[in-house]
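Peer 1: What follows is a structure written as structure tokens; I'll ask about it next.
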Amino acid sequence: MRGSAPRERPGFACGDSGSLGWRPQPPPHRWRRTPGGGSVPDQVPLVDYLALSPEPHLVAHECDACGARFFDRRNACASCSGTSFHAVDVPTAGELVTFTIVSFAAPGVPVPFVAGVVDCGGTSVRANVINTDPDPTQVRTGMPLQLATFVVGTDSEGVEAVGFG
């Protein structure tokens, strides 16, 4: 789609001329009072490994034995069978390692869009690339990217679900 405005898609964003830049982010994780005196968050992450505060970032589980990183909970490391892990913040800036332009998707998913693998300080993150045309002349491996978040939906009580890609 040459000449069209970039599509707003969840994932990593590239700025103008390949510069890094934040897409508008949700405000820090907030809480509000309920009629019963309790409190509920105004925003919740869609996945366990997305932290919304103090600034949005991903959190991986790193194997204490070999340093392999995983986003899902593990009982054992797939690389070395180690069983001890600790949480580690993943850098929000990264470099596009590989990508594909998706032309066919499930009903209701706008196409085309760019899906890619981003190297964030040694951690591989699979996400959509936003703020760029889904055109092979506009996307290149090695381009710098920055984590971006978006509101997936809002429930009947106004709580927003926040995703990254």
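Numbering starts fresh at 1 for the residues of each chain in the structure tokens, the chains themselves are lettered A, B, ... in the order given, and ligands are numbered from 1 as they appear.
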Using only C-alpha atoms, determine which residues lie at most 12 Å from Ala60 of chain A, disregarding the query and same-chain residues fewer than 2 positions distant; provide the list as an MDAnalysis selection string.

Peer 2: chainID A and resid 47:51 57:58 62:63 67:74 85:91 120:125

Peer 1: Put those residues in a file: N, CA and C atoms, as a short mmCIF file (atom, residue, chain, number, x, y, z; two decimals), in the first residue's frame.

Peer 2:
data_model
loop_
_atom_site.label_atom_id
_atom_site.label_comp_id
_atom_site.auth_asym_id
_atom_site.auth_seq_id
_atom_site.Cartn_x
_atom_site.Cartn_y
_atom_site.Cartn_z
N VAL A 47 -1.11 -10.03 28.88
CA VAL A 47 -0.25 -11.19 29.14
C VAL A 47 0.54 -10.95 30.41
N ASP A 48 0.91 -12.03 31.09
CA ASP A 48 1.61 -11.92 32.37
C ASP A 48 2.98 -11.26 32.26
N TYR A 49 3.61 -11.36 31.11
CA TYR A 49 4.98 -10.84 30.98
C TYR A 49 5.04 -9.39 30.50
N LEU A 50 3.91 -8.70 30.42
CA LEU A 50 3.89 -7.27 30.12
C LEU A 50 3.69 -6.51 31.42
N ALA A 51 4.68 -5.70 31.80
CA ALA A 51 4.58 -4.85 32.99
C ALA A 51 4.20 -3.45 32.52
N HIS A 57 7.03 -2.36 29.78
CA HIS A 57 8.17 -3.17 29.36
C HIS A 57 7.80 -4.65 29.51
N LEU A 58 8.58 -5.51 28.90
CA LEU A 58 8.38 -6.95 29.01
C LEU A 58 9.30 -7.51 30.08
N GLU A 62 14.59 -15.78 33.23
CA GLU A 62 15.93 -16.16 32.78
C GLU A 62 16.42 -17.35 33.59
N CYS A 63 16.93 -18.35 32.89
CA CYS A 63 17.47 -19.55 33.54
C CYS A 63 18.73 -19.18 34.31
N GLY A 67 21.20 -18.88 31.30
CA GLY A 67 20.84 -17.54 30.83
C GLY A 67 19.79 -17.50 29.74
N ALA A 68 19.25 -18.65 29.33
CA ALA A 68 18.18 -18.65 28.32
C ALA A 68 16.97 -17.91 28.88
N ARG A 69 16.26 -17.20 28.01
CA ARG A 69 15.11 -16.41 28.46
C ARG A 69 13.82 -16.93 27.82
N PHE A 70 12.76 -16.91 28.63
CA PHE A 70 11.44 -17.37 28.20
C PHE A 70 10.39 -16.41 28.73
N PHE A 71 9.32 -16.21 27.95
CA PHE A 71 8.25 -15.34 28.41
C PHE A 71 7.18 -16.10 29.19
N ASP A 72 7.01 -17.37 28.91
CA ASP A 72 6.02 -18.14 29.66
C ASP A 72 6.67 -18.79 30.88
N ARG A 73 5.83 -19.21 31.84
CA ARG A 73 6.34 -19.87 33.04
C ARG A 73 6.90 -21.23 32.65
N ARG A 74 8.03 -21.59 33.24
CA ARG A 74 8.68 -22.86 32.93
C ARG A 74 8.94 -23.66 34.19
N PHE A 85 14.89 -20.11 37.96
CA PHE A 85 14.73 -18.95 37.09
C PHE A 85 14.60 -17.69 37.93
N HIS A 86 14.91 -16.55 37.33
CA HIS A 86 14.64 -15.25 37.96
C HIS A 86 14.10 -14.30 36.90
N ALA A 87 13.35 -13.30 37.36
CA ALA A 87 12.74 -12.34 36.44
C ALA A 87 13.78 -11.33 35.98
N VAL A 88 13.72 -10.95 34.71
CA VAL A 88 14.63 -9.96 34.16
C VAL A 88 13.85 -9.05 33.21
N ASP A 89 14.06 -7.73 33.35
CA ASP A 89 13.42 -6.77 32.45
C ASP A 89 14.07 -6.84 31.08
N VAL A 90 13.25 -6.84 30.05
CA VAL A 90 13.73 -6.88 28.67
C VAL A 90 13.82 -5.44 28.16
N PRO A 91 14.92 -5.06 27.51
CA PRO A 91 15.02 -3.70 26.97
C PRO A 91 13.85 -3.39 26.03
N CYS A 120 15.87 -7.78 21.39
CA CYS A 120 15.90 -6.74 22.43
C CYS A 120 16.98 -7.11 23.44
N GLY A 121 18.19 -6.68 23.19
CA GLY A 121 19.29 -6.96 24.11
C GLY A 121 19.54 -8.44 24.32
N GLY A 122 19.40 -9.23 23.27
CA GLY A 122 19.64 -10.67 23.37
C GLY A 122 18.39 -11.50 23.61
N THR A 123 17.26 -10.87 23.81
CA THR A 123 16.00 -11.57 23.98
C THR A 123 15.18 -11.45 22.70
N SER A 124 14.75 -12.57 22.14
CA SER A 124 13.93 -12.56 20.93
C SER A 124 12.47 -12.33 21.29
N VAL A 125 11.88 -11.32 20.67
CA VAL A 125 10.48 -10.98 20.92
C VAL A 125 9.73 -11.08 19.59
#

Peer 1: If you run DSSP on the backbone here, which positions in segment 42-119 of chain A get strand (DSSP E or B)? Please write them as a VMD selection string.

Peer 2: chain A and resid 43 to 45 50 to 51 57 to 63 69 to 70 85 to 90 93 to 102 113 to 119

Peer 1: By how many Å are atom CA of Val117 of chain A and atom CA of Val97 of chain A apart?

Peer 2: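 Result for atom CA of Val117 of chain A versus atom CA of Val97 of chain A: 5.6 Å, one decimal.
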
Peer 1: Would you mind telling me which residue in A:Thr92, A:Val151, A:Phe104, A:Ser156 lies nearest to Val59 of chain A when using only C-alpha atoms?

Peer 2: A:Thr92

Peer 1: Just checking: using only C-alpha atoms, which residue out of A:Asp64, A:Glu95, A:Gly153, A:Pro110 ends up closest to Gly82 of chain A?

Peer 2: A:Asp64

Peer 1: Show me, as a PyMOL selection string, the residues that have an atom within 10 Å of Pro136 of chain A when counting only C-alpha atoms, minus same-chain residues fewer than 2 positions from it.

Peer 2: chain A and resi 99-101+114+133-134+138-140

Peer 1: Excluding Asp155 of chain A and its own-chain neighbours fewer than 6 positions away, which residues fall within 12 Å of it when counting only C-alpha atoms? Please give them as a list in words.

Peer 2: Pro41, Asp42, Gln43, Val44, Ala161 and Val162 of chain A

Peer 1: Okay, now the selection with N, CA and C atoms, as a compact mmCIF listing (two decimals), in the first residue's frame?

Peer 2:
# COMPACT_ATOMS: atom_id res chain seq x y z
N PRO A 41 -7.72 -2.28 39.33
CA PRO A 41 -6.87 -1.50 38.44
C PRO A 41 -7.67 -0.87 37.31
N ASP A 42 -7.23 0.29 36.84
CA ASP A 42 -7.83 0.91 35.66
C ASP A 42 -7.34 0.22 34.39
N GLN A 43 -6.15 -0.40 34.48
CA GLN A 43 -5.58 -1.11 33.34
C GLN A 43 -4.96 -2.41 33.82
N VAL A 44 -5.08 -3.45 33.00
CA VAL A 44 -4.46 -4.73 33.29
C VAL A 44 -3.74 -5.21 32.04
N ALA A 161 -7.83 -3.52 29.05
CA ALA A 161 -6.85 -4.58 28.84
C ALA A 161 -5.80 -4.03 27.87
N VAL A 162 -4.53 -4.11 28.26
CA VAL A 162 -3.44 -3.53 27.48
C VAL A 162 -2.57 -4.65 26.91

Peer 1: So the first atom is atom CA of Phe164 of chain A and the second is atom CA of Ala106 of chain A; what is the distance between them in Å, to one decimal place?

Peer 2: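 These two atoms are separated by 18.8 Å.
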
Peer 1: Atom CA of Asn128 of chain A and atom CA of Gly116 of chain A are how many Å apart?

Peer 2: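 Between atom CA of Asn128 of chain A and atom CA of Gly116 of chain A the gap works out to 5.9 Å.
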